[in-house]
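So this block is model-v1.cif, mmCIF, C-alpha atoms:
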```
data_protein
#
loop_
_atom_site.group_PDB
_atom_site.id
_atom_site.type_symbol
_atom_site.label_atom_id
_atom_site.label_comp_id
_atom_site.auth_asym_id
_atom_site.auth_seq_id
_atom_site.Cartn_x
_atom_site.Cartn_y
_atom_site.Cartn_z
ATOM 1 C CA MET A 27 63.771 -71.957 -26.589
ATOM 2 C CA THR A 28 64.928 -70.978 -23.137
ATOM 3 C CA ASP A 29 67.642 -68.334 -23.248
ATOM 4 C CA THR A 30 70.848 -69.850 -21.923
ATOM 5 C CA SER A 31 73.095 -66.803 -22.414
ATOM 6 C CA LEU A 32 73.249 -66.036 -18.714
ATOM 7 C CA ALA A 33 75.372 -62.978 -18.021
ATOM 8 C CA ILE A 34 78.893 -63.261 -16.630
ATOM 9 C CA THR A 35 80.495 -59.879 -16.072
ATOM 10 C CA GLY A 36 84.054 -61.175 -16.027
ATOM 11 C CA GLY A 37 87.008 -61.555 -13.698
ATOM 12 C CA ALA A 38 90.200 -63.601 -13.451
ATOM 13 C CA LEU A 39 90.904 -67.315 -13.035
ATOM 14 C CA ARG A 40 94.230 -69.069 -12.691
ATOM 15 C CA LEU A 41 94.050 -71.891 -15.204
ATOM 16 C CA SER A 42 95.575 -74.499 -12.925
ATOM 17 C CA ASP A 43 94.748 -77.300 -15.363
ATOM 18 C CA TRP A 44 97.072 -75.777 -17.955
ATOM 19 C CA GLY A 45 100.829 -76.113 -18.314
ATOM 20 C CA VAL A 46 103.575 -74.300 -20.207
ATOM 21 C CA MET A 47 106.266 -75.709 -22.465
ATOM 22 C CA ARG A 48 109.403 -73.740 -23.260
ATOM 23 C CA ALA A 49 111.275 -73.943 -26.581
ATOM 24 C CA GLN A 50 114.635 -72.203 -26.332
ATOM 25 C CA GLY A 51 117.477 -71.722 -28.763
ATOM 26 C CA GLU A 52 118.280 -69.875 -31.958
ATOM 27 C CA GLU A 53 116.274 -72.410 -34.005
ATOM 28 C CA ALA A 54 113.321 -72.758 -31.607
ATOM 29 C CA ALA A 55 110.849 -70.896 -33.836
ATOM 30 C CA LYS A 56 112.124 -72.658 -36.961
ATOM 31 C CA PHE A 57 111.742 -76.072 -35.329
ATOM 32 C CA LEU A 58 108.165 -75.394 -34.183
ATOM 33 C CA HIS A 59 107.349 -73.999 -37.624
ATOM 34 C CA GLY A 60 107.968 -77.472 -39.036
ATOM 35 C CA GLN A 61 105.780 -79.161 -36.420
ATOM 36 C CA LEU A 62 102.687 -76.997 -35.896
ATOM 37 C CA THR A 63 99.801 -75.835 -38.080
ATOM 38 C CA GLN A 64 100.924 -72.229 -37.656
ATOM 39 C CA ASP A 65 103.722 -70.007 -38.924
ATOM 40 C CA THR A 66 106.104 -69.482 -36.023
ATOM 41 C CA ALA A 67 109.114 -68.595 -38.201
ATOM 42 C CA LEU A 68 107.699 -65.151 -39.045
ATOM 43 C CA GLN A 69 105.894 -64.687 -35.722
ATOM 44 C CA THR A 70 106.911 -61.539 -33.848
ATOM 45 C CA PRO A 71 106.819 -60.998 -30.065
ATOM 46 C CA GLN A 72 103.684 -58.887 -30.607
ATOM 47 C CA GLN A 73 101.894 -61.776 -32.306
ATOM 48 C CA GLY A 74 100.445 -64.811 -30.630
ATOM 49 C CA ARG A 75 99.369 -67.995 -32.333
ATOM 50 C CA LEU A 76 96.624 -70.549 -31.871
ATOM 51 C CA ALA A 77 98.358 -73.672 -33.152
ATOM 52 C CA GLY A 78 97.592 -77.345 -33.580
ATOM 53 C CA TYR A 79 99.944 -80.315 -33.357
ATOM 54 C CA CYS A 80 98.797 -83.144 -35.599
ATOM 55 C CA SER A 81 99.598 -86.793 -36.120
ATOM 56 C CA ALA A 82 100.797 -87.961 -39.527
ATOM 57 C CA LYS A 83 97.127 -88.691 -40.331
ATOM 58 C CA GLY A 84 96.193 -85.052 -39.741
ATOM 59 C CA ARG A 85 94.423 -85.707 -36.429
ATOM 60 C CA LEU A 86 94.976 -83.219 -33.624
ATOM 61 C CA LEU A 87 97.147 -84.366 -30.745
ATOM 62 C CA ALA A 88 96.998 -80.995 -28.990
ATOM 63 C CA LEU A 89 96.035 -77.351 -29.359
ATOM 64 C CA MET A 90 98.162 -74.622 -27.810
ATOM 65 C CA LEU A 91 98.751 -70.901 -27.460
ATOM 66 C CA ALA A 92 102.177 -69.915 -28.787
ATOM 67 C CA PHE A 93 103.904 -66.854 -27.299
ATOM 68 C CA LYS A 94 107.244 -65.547 -28.590
ATOM 69 C CA ARG A 95 109.115 -63.933 -25.729
ATOM 70 C CA ASP A 96 112.103 -63.038 -27.895
ATOM 71 C CA ALA A 97 114.036 -64.304 -30.911
ATOM 72 C CA ASN A 98 115.327 -67.348 -29.007
ATOM 73 C CA GLU A 99 112.439 -68.308 -26.732
ATOM 74 C CA MET A 100 108.902 -69.485 -27.364
ATOM 75 C CA LEU A 101 106.343 -70.472 -24.743
ATOM 76 C CA LEU A 102 103.536 -72.893 -25.521
ATOM 77 C CA ALA A 103 100.519 -73.026 -23.203
ATOM 78 C CA LEU A 104 98.286 -76.098 -23.398
ATOM 79 C CA PRO A 105 96.177 -78.332 -21.148
ATOM 80 C CA ALA A 106 98.503 -79.879 -18.567
ATOM 81 C CA GLU A 107 97.147 -83.384 -19.136
ATOM 82 C CA LEU A 108 98.565 -83.344 -22.681
ATOM 83 C CA LEU A 109 101.866 -81.617 -21.958
ATOM 84 C CA PRO A 110 104.043 -84.659 -21.081
ATOM 85 C CA ALA A 111 103.063 -86.632 -24.194
ATOM 86 C CA THR A 112 103.346 -83.549 -26.421
ATOM 87 C CA LEU A 113 106.759 -82.651 -25.005
ATOM 88 C CA LYS A 114 107.997 -86.224 -25.433
ATOM 89 C CA ARG A 115 106.765 -86.478 -29.020
ATOM 90 C CA LEU A 116 108.146 -83.099 -30.089
ATOM 91 C CA SER A 117 111.487 -83.903 -28.448
ATOM 92 C CA MET A 118 111.825 -86.951 -30.696
ATOM 93 C CA PHE A 119 112.103 -84.665 -33.714
ATOM 94 C CA VAL A 120 114.470 -81.986 -32.399
ATOM 95 C CA MET A 121 117.513 -84.008 -33.493
ATOM 96 C CA ARG A 122 120.255 -81.536 -34.458
ATOM 97 C CA ALA A 123 118.105 -78.423 -34.321
ATOM 98 C CA LYS A 124 119.410 -75.737 -31.977
ATOM 99 C CA CYS A 125 116.333 -75.964 -29.778
ATOM 100 C CA LYS A 126 115.816 -77.237 -26.254
ATOM 101 C CA LEU A 127 112.331 -78.193 -25.075
ATOM 102 C CA SER A 128 111.365 -78.237 -21.403
ATOM 103 C CA ASP A 129 108.388 -78.092 -19.046
ATOM 104 C CA ALA A 130 108.147 -74.580 -17.598
ATOM 105 C CA SER A 131 104.880 -75.118 -15.714
ATOM 106 C CA ALA A 132 106.504 -74.697 -12.303
ATOM 107 C CA GLU A 133 107.835 -71.267 -13.302
ATOM 108 C CA LEU A 134 104.910 -69.824 -15.234
ATOM 109 C CA ALA A 135 101.151 -69.630 -14.668
ATOM 110 C CA LEU A 136 98.397 -68.972 -17.175
ATOM 111 C CA TRP A 137 95.433 -66.835 -16.169
ATOM 112 C CA GLY A 138 92.158 -66.328 -17.959
ATOM 113 C CA LEU A 139 90.820 -62.749 -17.843
ATOM 114 C CA ALA A 140 87.403 -61.637 -19.033
ATOM 115 C CA GLY A 141 85.198 -58.568 -19.182
ATOM 116 C CA GLU A 142 85.565 -54.824 -19.388
ATOM 117 C CA ALA A 143 87.351 -54.767 -16.034
ATOM 118 C CA ALA A 144 90.071 -56.956 -17.553
ATOM 119 C CA ARG A 145 90.394 -54.559 -20.476
ATOM 120 C CA GLU A 146 90.706 -51.638 -18.054
ATOM 121 C CA LEU A 147 93.264 -53.502 -15.929
ATOM 122 C CA LEU A 148 95.512 -54.031 -18.941
ATOM 123 C CA GLY A 149 95.035 -50.357 -19.812
ATOM 124 C CA ALA A 150 97.115 -48.951 -22.631
ATOM 125 C CA ASP A 151 98.813 -52.332 -22.982
ATOM 126 C CA VAL A 152 95.621 -54.174 -23.891
ATOM 127 C CA PRO A 153 96.084 -56.317 -27.025
ATOM 128 C CA ALA A 154 93.539 -55.089 -29.558
ATOM 129 C CA GLU A 155 93.412 -57.831 -32.196
ATOM 130 C CA VAL A 156 92.600 -61.475 -31.531
ATOM 131 C CA TRP A 157 95.831 -63.451 -30.910
ATOM 132 C CA SER A 158 97.893 -60.262 -30.583
ATOM 133 C CA VAL A 159 100.252 -60.022 -27.597
ATOM 134 C CA THR A 160 101.501 -57.218 -25.397
ATOM 135 C CA HIS A 161 104.444 -57.461 -23.009
ATOM 136 C CA ILE A 162 103.690 -56.064 -19.559
ATOM 137 C CA GLY A 163 106.964 -56.216 -17.678
ATOM 138 C CA ASN A 164 107.832 -59.922 -17.634
ATOM 139 C CA ALA A 165 104.231 -60.945 -18.283
ATOM 140 C CA LEU A 166 102.582 -61.604 -21.647
ATOM 141 C CA ALA A 167 98.928 -60.859 -22.406
ATOM 142 C CA MET A 168 97.225 -62.407 -25.456
ATOM 143 C CA ARG A 169 93.806 -61.417 -26.793
ATOM 144 C CA LEU A 170 91.492 -64.418 -27.071
ATOM 145 C CA PRO A 171 88.315 -64.655 -29.141
ATOM 146 C CA ASP A 172 85.444 -62.794 -27.477
ATOM 147 C CA ALA A 173 82.577 -64.718 -25.922
ATOM 148 C CA LEU A 174 79.133 -64.005 -27.364
ATOM 149 C CA VAL A 175 77.001 -63.398 -24.258
ATOM 150 C CA ASP A 176 73.413 -62.155 -24.566
ATOM 151 C CA GLY A 177 74.204 -61.015 -28.088
ATOM 152 C CA ALA A 178 77.156 -58.882 -26.943
ATOM 153 C CA SER A 179 80.886 -59.585 -27.178
ATOM 154 C CA LEU A 180 82.731 -60.074 -23.902
ATOM 155 C CA PRO A 181 86.506 -59.555 -24.267
ATOM 156 C CA ARG A 182 88.834 -62.308 -23.044
ATOM 157 C CA TYR A 183 92.584 -62.515 -22.512
ATOM 158 C CA ALA A 184 95.244 -65.055 -21.571
ATOM 159 C CA LEU A 185 97.843 -63.698 -19.156
ATOM 160 C CA LEU A 186 101.113 -65.615 -18.842
ATOM 161 C CA GLN A 187 103.157 -64.535 -15.843
ATOM 162 C CA ALA A 188 105.514 -65.848 -13.180
ATOM 163 C CA ALA A 189 103.885 -68.486 -10.999
ATOM 164 C CA ASP A 190 104.669 -66.475 -7.854
ATOM 165 C CA ALA A 191 103.452 -63.131 -9.249
ATOM 166 C CA PRO A 192 100.412 -61.525 -7.576
ATOM 167 C CA ALA A 193 97.001 -62.447 -8.923
ATOM 168 C CA PRO A 194 95.450 -59.903 -11.293
ATOM 169 C CA ALA A 195 93.412 -57.310 -9.394
ATOM 170 C CA LEU A 196 90.061 -58.569 -10.662
ATOM 171 C CA PRO A 197 87.113 -60.423 -9.118
ATOM 172 C CA ALA A 198 87.615 -64.174 -8.925
ATOM 173 C CA LEU A 199 86.101 -66.103 -11.808
ATOM 174 C CA ASP A 200 85.236 -69.756 -11.187
ATOM 175 C CA ALA A 201 86.270 -72.543 -13.547
ATOM 176 C CA ASP A 202 82.720 -73.296 -14.703
ATOM 177 C CA SER A 203 82.170 -69.674 -15.695
ATOM 178 C CA TRP A 204 85.436 -69.556 -17.645
ATOM 179 C CA GLN A 205 84.539 -72.727 -19.510
ATOM 180 C CA TRP A 206 81.074 -71.299 -20.180
ATOM 181 C CA LEU A 207 82.775 -68.337 -21.861
ATOM 182 C CA GLU A 208 85.096 -70.628 -23.835
ATOM 183 C CA VAL A 209 82.071 -72.434 -25.254
ATOM 184 C CA GLN A 210 80.399 -69.125 -26.127
ATOM 185 C CA ALA A 211 83.582 -68.102 -27.925
ATOM 186 C CA GLY A 212 83.334 -71.275 -30.022
ATOM 187 C CA LEU A 213 86.757 -72.482 -28.882
ATOM 188 C CA ALA A 214 87.178 -76.136 -27.917
ATOM 189 C CA TRP A 215 90.573 -77.366 -26.734
ATOM 190 C CA VAL A 216 91.804 -80.882 -27.381
ATOM 191 C CA ARG A 217 91.553 -82.847 -24.150
ATOM 192 C CA THR A 218 92.441 -86.442 -23.289
ATOM 193 C CA PRO A 219 89.110 -87.913 -24.527
ATOM 194 C CA THR A 220 89.425 -86.094 -27.867
ATOM 195 C CA VAL A 221 93.092 -86.706 -28.726
ATOM 196 C CA GLU A 222 93.310 -87.782 -32.405
ATOM 197 C CA GLN A 223 89.552 -87.387 -32.882
ATOM 198 C CA PHE A 224 89.575 -84.286 -35.061
ATOM 199 C CA VAL A 225 91.112 -83.045 -38.272
ATOM 200 C CA PRO A 226 91.625 -79.286 -37.606
ATOM 201 C CA GLN A 227 88.620 -78.229 -39.709
ATOM 202 C CA MET A 228 86.307 -80.494 -37.696
ATOM 203 C CA ILE A 229 86.964 -78.322 -34.658
ATOM 204 C CA ASN A 230 86.847 -75.089 -36.723
ATOM 205 C CA LEU A 231 90.536 -74.436 -36.179
ATOM 206 C CA GLU A 232 91.029 -72.634 -39.497
ATOM 207 C CA LEU A 233 87.988 -70.434 -38.816
ATOM 208 C CA LEU A 234 89.585 -69.367 -35.538
ATOM 209 C CA GLY A 235 92.896 -68.504 -37.209
ATOM 210 C CA GLY A 236 94.730 -71.635 -36.115
ATOM 211 C CA VAL A 237 95.902 -72.971 -39.513
ATOM 212 C CA ASN A 238 98.259 -71.302 -41.978
ATOM 213 C CA PHE A 239 97.740 -72.783 -45.453
ATOM 214 C CA GLN A 240 100.669 -70.877 -46.998
ATOM 215 C CA LYS A 241 103.418 -72.311 -44.803
ATOM 216 C CA GLY A 242 105.526 -75.367 -45.474
ATOM 217 C CA CYS A 243 105.088 -78.932 -44.377
ATOM 218 C CA TYR A 244 104.258 -80.195 -40.898
ATOM 219 C CA PRO A 245 102.936 -83.559 -39.696
ATOM 220 C CA GLY A 246 99.531 -84.201 -41.277
ATOM 221 C CA GLN A 247 99.764 -81.158 -43.568
ATOM 222 C CA GLU A 248 98.665 -83.027 -46.692
ATOM 223 C CA VAL A 249 95.505 -84.298 -45.007
ATOM 224 C CA VAL A 250 94.650 -80.849 -43.631
ATOM 225 C CA ALA A 251 95.222 -79.171 -47.017
ATOM 226 C CA ARG A 252 93.217 -81.812 -48.878
ATOM 227 C CA SER A 253 90.297 -81.381 -46.485
ATOM 228 C CA GLN A 254 90.390 -77.640 -47.102
ATOM 229 C CA TYR A 255 90.688 -77.506 -50.859
ATOM 230 C CA ARG A 256 88.699 -80.562 -51.913
ATOM 231 C CA GLY A 257 85.678 -79.739 -49.790
ATOM 232 C CA THR A 258 85.808 -83.005 -47.868
ATOM 233 C CA VAL A 259 84.877 -81.528 -44.464
ATOM 234 C CA LYS A 260 81.489 -83.023 -43.670
ATOM 235 C CA ARG A 261 81.704 -82.503 -39.918
ATOM 236 C CA ARG A 262 81.943 -79.277 -37.953
ATOM 237 C CA THR A 263 81.897 -78.154 -34.339
ATOM 238 C CA LEU A 264 78.718 -76.292 -33.398
ATOM 239 C CA GLN A 265 77.224 -74.944 -30.207
ATOM 240 C CA PHE A 266 74.238 -76.567 -28.512
ATOM 241 C CA ALA A 267 72.158 -76.118 -25.379
ATOM 242 C CA VAL A 268 71.225 -79.264 -23.435
ATOM 243 C CA ALA A 269 67.520 -79.572 -22.677
ATOM 244 C CA GLY A 270 66.805 -79.657 -18.969
ATOM 245 C CA GLY A 271 70.370 -78.716 -18.079
ATOM 246 C CA GLY A 272 71.491 -82.352 -18.001
ATOM 247 C CA SER A 273 75.146 -83.106 -17.323
ATOM 248 C CA ALA A 274 77.565 -83.702 -20.191
ATOM 249 C CA GLN A 275 81.178 -84.783 -20.568
ATOM 250 C CA ILE A 276 83.918 -84.155 -23.116
ATOM 251 C CA GLY A 277 84.132 -87.185 -25.384
ATOM 252 C CA GLN A 278 80.485 -88.125 -24.924
ATOM 253 C CA GLU A 279 78.771 -89.295 -28.102
ATOM 254 C CA ILE A 280 75.801 -87.606 -29.776
ATOM 255 C CA PHE A 281 73.087 -89.478 -31.650
ATOM 256 C CA HIS A 282 70.502 -88.555 -34.260
ATOM 257 C CA SER A 283 66.866 -89.447 -33.697
ATOM 258 C CA ALA A 284 66.693 -91.327 -36.996
ATOM 259 C CA ASP A 285 69.873 -93.360 -36.470
ATOM 260 C CA PRO A 286 70.105 -94.614 -32.869
ATOM 261 C CA GLU A 287 72.901 -97.112 -33.607
ATOM 262 C CA GLN A 288 75.480 -94.814 -35.179
ATOM 263 C CA PRO A 289 76.972 -91.783 -33.352
ATOM 264 C CA ALA A 290 76.429 -88.514 -35.200
ATOM 265 C CA GLY A 291 78.916 -86.466 -33.207
ATOM 266 C CA LEU A 292 81.208 -86.015 -30.224
ATOM 267 C CA VAL A 293 81.223 -83.495 -27.378
ATOM 268 C CA ALA A 294 84.356 -81.328 -27.572
ATOM 269 C CA ALA A 295 83.720 -78.819 -24.753
ATOM 270 C CA VAL A 296 81.199 -78.281 -21.960
ATOM 271 C CA GLY A 297 80.220 -75.134 -20.063
ATOM 272 C CA SER A 298 77.688 -74.804 -17.270
ATOM 273 C CA HIS A 299 76.304 -71.753 -15.494
ATOM 274 C CA GLU A 300 73.414 -71.470 -13.055
ATOM 275 C CA GLY A 301 72.170 -74.965 -13.840
ATOM 276 C CA GLN A 302 72.245 -74.618 -17.611
ATOM 277 C CA VAL A 303 74.624 -76.453 -19.916
ATOM 278 C CA LEU A 304 76.144 -75.501 -23.268
ATOM 279 C CA LEU A 305 78.211 -77.753 -25.533
ATOM 280 C CA LEU A 306 80.579 -77.455 -28.388
ATOM 281 C CA ALA A 307 80.108 -80.679 -30.303
ATOM 282 C CA GLU A 308 81.576 -81.959 -33.540
ATOM 283 C CA VAL A 309 78.672 -83.279 -35.625
ATOM 284 C CA LYS A 310 77.862 -84.562 -39.091
ATOM 285 C CA LEU A 311 76.502 -81.595 -41.006
ATOM 286 C CA ALA A 312 74.021 -83.897 -42.738
ATOM 287 C CA ALA A 313 72.480 -84.637 -39.329
ATOM 288 C CA LEU A 314 71.255 -81.033 -39.151
ATOM 289 C CA GLU A 315 68.951 -81.412 -42.129
ATOM 290 C CA GLY A 316 66.108 -83.077 -40.199
ATOM 291 C CA GLY A 317 65.204 -84.928 -37.028
ATOM 292 C CA SER A 318 66.911 -84.090 -33.741
ATOM 293 C CA LEU A 319 70.220 -84.587 -31.961
ATOM 294 C CA HIS A 320 70.491 -86.139 -28.511
ATOM 295 C CA LEU A 321 73.199 -86.489 -25.893
ATOM 296 C CA GLY A 322 74.451 -89.978 -25.030
ATOM 297 C CA SER A 323 71.782 -91.910 -26.935
ATOM 298 C CA ALA A 324 68.866 -91.319 -29.309
ATOM 299 C CA GLY A 325 66.667 -91.148 -26.218
ATOM 300 C CA GLY A 326 68.959 -88.801 -24.285
ATOM 301 C CA PRO A 327 68.520 -85.084 -23.619
ATOM 302 C CA GLN A 328 67.743 -83.159 -26.785
ATOM 303 C CA LEU A 329 70.242 -80.635 -28.110
ATOM 304 C CA SER A 330 69.185 -77.241 -29.472
ATOM 305 C CA GLN A 331 71.616 -75.511 -31.799
ATOM 306 C CA ARG A 332 72.792 -72.030 -30.836
ATOM 307 C CA PRO A 333 74.716 -69.424 -32.839
ATOM 308 C CA LEU A 334 78.494 -69.310 -32.875
ATOM 309 C CA PRO A 335 80.306 -65.953 -32.949
ATOM 310 C CA TYR A 336 81.717 -66.836 -36.392
ATOM 311 C CA ALA A 337 80.275 -68.337 -39.570
ATOM 312 C CA VAL A 338 80.549 -72.054 -40.291
ATOM 313 C CA ALA A 339 80.368 -73.221 -43.916
ATOM 314 C CA GLU A 340 77.371 -75.182 -45.080
ATOM 315 C CA PRO A 341 77.854 -78.752 -46.365
ATOM 316 C CA GLN A 342 79.731 -78.983 -49.665
#
```
Take the structure in the file and give it back as C-alpha cells.
Amino acid sequence: MTDTSLAITGGALRLSDWGVMRAQGEEAAKFLHGQLTQDTALQTPQQGRLAGYCSAKGRLLALMLAFKRDANEMLLALPAELLPATLKRLSMFVMRAKCKLSDASAELALWGLAGEAARELLGADVPAEVWSVTHIGNALAMRLPDALVDGASLPRYALLQAADAPAPALPALDADSWQWLEVQAGLAWVRTPTVEQFVPQMINLELLGGVNFQKGCYPGQEVVARSQYRGTVKRRTLQFAVAGGGSAQIGQEIFHSADPEQPAGLVAAVGSHEGQVLLLAEVKLAALEGGSLHLGSAGGPQLSQRPLPYAVAEPQ
C-alpha cells in the first residue's frame, strides 16, 4: 500500500469555520452538566472537555470543546455551521437556571496549532495532558489529541483568544493540512451532513475521552449507556486511504463489494495533502471481515484501512 502519511511539520491556522458560544452565570456549569455528555460541574479552569450534545434518541447534534474561564463562565467552541441551532436548542432548556447563553464568535477566535514549534511557542505554559488547559493572559490553550504522522506523534493545540489579538508567531498552516492532521488524530467533528447520524460510540467519542459514564442524566443518556454496557455498538469510525486520491465529501456513503445496494458506512471527516486523501468513516464492523469497501458505490474508489492512534474494540 502506498504510504499516505505525508509529513506536515506544523504551524498555525485560524479556524474561521468555527464559532464560540458563551455560557455565563453562577449556574452555567451546572446547566451544561445536565445537557452534555461530559462532566462540567466538576470541571476546573485547568481542565478542558470534549463534549457531545445529543438528541433524546442519543444521536449527536454537535461536538464541542468546553473551556472554563472561571467559576461563572464557560466557552464552547464548535463548528460555526451548527452554532445557531445548538444555541437555540440549548436556550430552550435554560428556563430558571442562572445561566445566559450567547454567541461570542465576534469576540473570540479559535486557532489550531501543531508541531514542535507550537509546543515551544507555548513554552512553560504548554498543556501536557490531552484536554488540559493553560491560561496565557486572556487566552486559553487546550491540548488536543496528537496526530499520528509517519508513525510519530505530532502535538496539536486549540488556542482560544480575542478575535483582534495577533496571530501566533508560527508558520501558516493551510486548512487542508489541519484537516489532514485531524483525520490522523482520529477525531471527526459533527458537521451539517452528519447531524443525528451517530450515537457517540459510533464516532469513538468515549475512546477520545468525550463521554463520562459516571455523571447524571443528559439528553440521550440512556441510549448511550445501553450501547456501552450491553455491547450493542456494531459500527465504529475507522481511518481509510482512498485509492488513487479520489475526492471525498463528509456525509458520502460507503459500500461493501458484496452488498452494492445497502450502504455499509458514512464518511465523517476528510483530509487531503499533496494529492492524497484520508477519511474517517463510520462503518459496520462486520463489513471488515471480508470483501472490500468502496467510496460512493460498490464500484467506487477502494478504501484501504489505516491505523488509528488509539485502539478500537472488535465486534462484540
Handout entry: Picked residues, the PyMOL selection byres ((chain A and resi 96) around 10), as a ChimeraX atom specification
Key = /A:50,55,70-72,93-95,97-101
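Proximity of A:Gly84, A:Ala294, A:Ser131, A:His299 to Thr218 in chain A, computed with all atoms listed in the file, is greatest for A:Ala294.
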Problem - Selection result of the PyMOL selection byres ((chain A and resi 81) around 12) on this file, as a VMD selection string - result: chain A and resid 61 to 63 78 to 80 82 to 88 112 115 to 116 221 to 226 244 to 250
Selection above as a file: C-alpha atoms, as a PDB file, keeping the file's coordinate frame:
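Wrote part-v4.pdb, looks like this:
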```pdb
ATOM      1  CA  GLN A  61     105.780 -79.161 -36.420  1.00  0.00           C
ATOM      2  CA  LEU A  62     102.687 -76.997 -35.896  1.00  0.00           C
ATOM      3  CA  THR A  63      99.801 -75.835 -38.080  1.00  0.00           C
ATOM      4  CA  GLY A  78      97.592 -77.345 -33.580  1.00  0.00           C
ATOM      5  CA  TYR A  79      99.944 -80.315 -33.357  1.00  0.00           C
ATOM      6  CA  CYS A  80      98.797 -83.144 -35.599  1.00  0.00           C
ATOM      7  CA  ALA A  82     100.797 -87.961 -39.527  1.00  0.00           C
ATOM      8  CA  LYS A  83      97.127 -88.691 -40.331  1.00  0.00           C
ATOM      9  CA  GLY A  84      96.193 -85.052 -39.741  1.00  0.00           C
ATOM     10  CA  ARG A  85      94.423 -85.707 -36.429  1.00  0.00           C
ATOM     11  CA  LEU A  86      94.976 -83.219 -33.624  1.00  0.00           C
ATOM     12  CA  LEU A  87      97.147 -84.366 -30.745  1.00  0.00           C
ATOM     13  CA  ALA A  88      96.998 -80.995 -28.990  1.00  0.00           C
ATOM     14  CA  THR A 112     103.346 -83.549 -26.421  1.00  0.00           C
ATOM     15  CA  ARG A 115     106.765 -86.478 -29.020  1.00  0.00           C
ATOM     16  CA  LEU A 116     108.146 -83.099 -30.089  1.00  0.00           C
ATOM     17  CA  VAL A 221      93.092 -86.706 -28.726  1.00  0.00           C
ATOM     18  CA  GLU A 222      93.310 -87.782 -32.405  1.00  0.00           C
ATOM     19  CA  GLN A 223      89.552 -87.387 -32.882  1.00  0.00           C
ATOM     20  CA  PHE A 224      89.575 -84.286 -35.061  1.00  0.00           C
ATOM     21  CA  VAL A 225      91.112 -83.045 -38.272  1.00  0.00           C
ATOM     22  CA  PRO A 226      91.625 -79.286 -37.606  1.00  0.00           C
ATOM     23  CA  TYR A 244     104.258 -80.195 -40.898  1.00  0.00           C
ATOM     24  CA  PRO A 245     102.936 -83.559 -39.696  1.00  0.00           C
ATOM     25  CA  GLY A 246      99.531 -84.201 -41.277  1.00  0.00           C
ATOM     26  CA  GLN A 247      99.764 -81.158 -43.568  1.00  0.00           C
ATOM     27  CA  GLU A 248      98.665 -83.027 -46.692  1.00  0.00           C
ATOM     28  CA  VAL A 249      95.505 -84.298 -45.007  1.00  0.00           C
ATOM     29  CA  VAL A 250      94.650 -80.849 -43.631  1.00  0.00           C
TER      30      VAL A 250
END
```
Residues of range 44-137 of chain A within 6 Å of range 150-158 of chain A: nearest atom pair and distance (Å, one decimal) for each, counting only C-alpha atoms, sorted by chain and number, as a tab-separated table?
```
residue	atom	partner	partner_atom	distance
A:Gln72	CA	A:Ser158	CA	6.0
A:Gln73	CA	A:Ser158	CA	4.6
A:Gly74	CA	A:Trp157	CA	4.8
A:Arg75	CA	A:Trp157	CA	5.9
```
Problem - Radius query 10 Å about (67.4, -77.9, -29.6), atoms used: all atoms listed in the file, as number ranges by chain - result: A: 27-28, 266-269, 318-320, 327-332
Practice task
Give me, please, the distance in Å between CA of Arg182 in chain A and CA of Gly141 in chain A, quoted to one decimal.
Solution key: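 A separation of 6.5 Å between them.
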Practice task
Choose the residue, out of A:Leu321, A:Leu180, A:Cys125, A:Met118, that has the smallest atom-to-atom separation from Gly51 in chain A; count only C-alpha atoms.
Solution key: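 Of A:Leu321, A:Leu180, A:Cys125, A:Met118, the one nearest Gly51 in chain A, counting only C-alpha atoms, is A:Cys125.
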Practice task
With the file shown as input, list the residues that the PyMOL selection byres ((chain A and resi 204-215) around 9) selects, as a ChimeraX atom specification.
Solution key: /A:31,34,36,38-39,88-90,104-105,138-140,170-175,179-180,182,199-203,216-217,220,229-231,234,263-265,294-299,303-307,333-336
Problem - Which of A:Val293, A:Leu68, A:Leu127, A:Ala103 sits closest to Leu186 in chain A [using all atoms listed in the file] - result: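 Of the candidates, the smallest distance to Leu186 in chain A is held by A:Ala103.
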Practice task
May I ask which of the residues A:Leu134, A:Glu232, A:Thr66, A:Ala198 is the closest one to Leu185 in chain A, counting only C-alpha atoms?
Solution key: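 The closest residue to Leu185 in chain A is A:Leu134.
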Practice task
One decimal, Å: what's the distance from CA of Ala184 in chain A over to CA of Ala54 in chain A, could you say?
Solution key: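 Value for the CA of Ala184 in chain A-CA of Ala54 in chain A distance: 22.1 Å.
For the atom pair formed by CA of Lys114 in chain A and CA of Ala167 in chain A, the distance is 27.1 Å, given to one decimal.
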Exercise for the section: Rank nothing, just name the residue among A:Pro110, A:Pro181, A:Gly325, A:Pro197 nearest to Trp44 in chain A, using only C-alpha atoms. Expected result: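 Nearest to Trp44 in chain A: A:Pro110.
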Exercise for the section: Kindly indicate which residue among A:Glu308, A:Asp43, A:Glu146, A:Asp65 lies nearest to Asn238 in chain A, using all atoms listed in the file for the distances. Expected result: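 Among the listed residues, A:Asp65 lies closest to Asn238 in chain A.
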Handout entry: Polymer residues at most 6 Å from (99.3, -80.8, -18.2) by only C-alpha atoms, as a list in words
Key =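 Within the cut-off we find Trp44, Gly45, Pro105, Ala106, Glu107, Leu108 and Leu109 of chain A.
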Contacts of Ala284 in chain A within 9 Å, all atoms listed in the file, excl. fewer than 6 positions in-chain, as a JSON list (two decimals) with C-alpha atoms, in the frame of the given file:
```json
[["chain", "number", "residue", "atom", "x", "y", "z"],
["A", 316, "GLY", "CA", 66.11, -83.08, -40.20],
["A", 317, "GLY", "CA", 65.20, -84.93, -37.03],
["A", 318, "SER", "CA", 66.91, -84.09, -33.74],
["A", 324, "ALA", "CA", 68.87, -91.32, -29.31]]
```
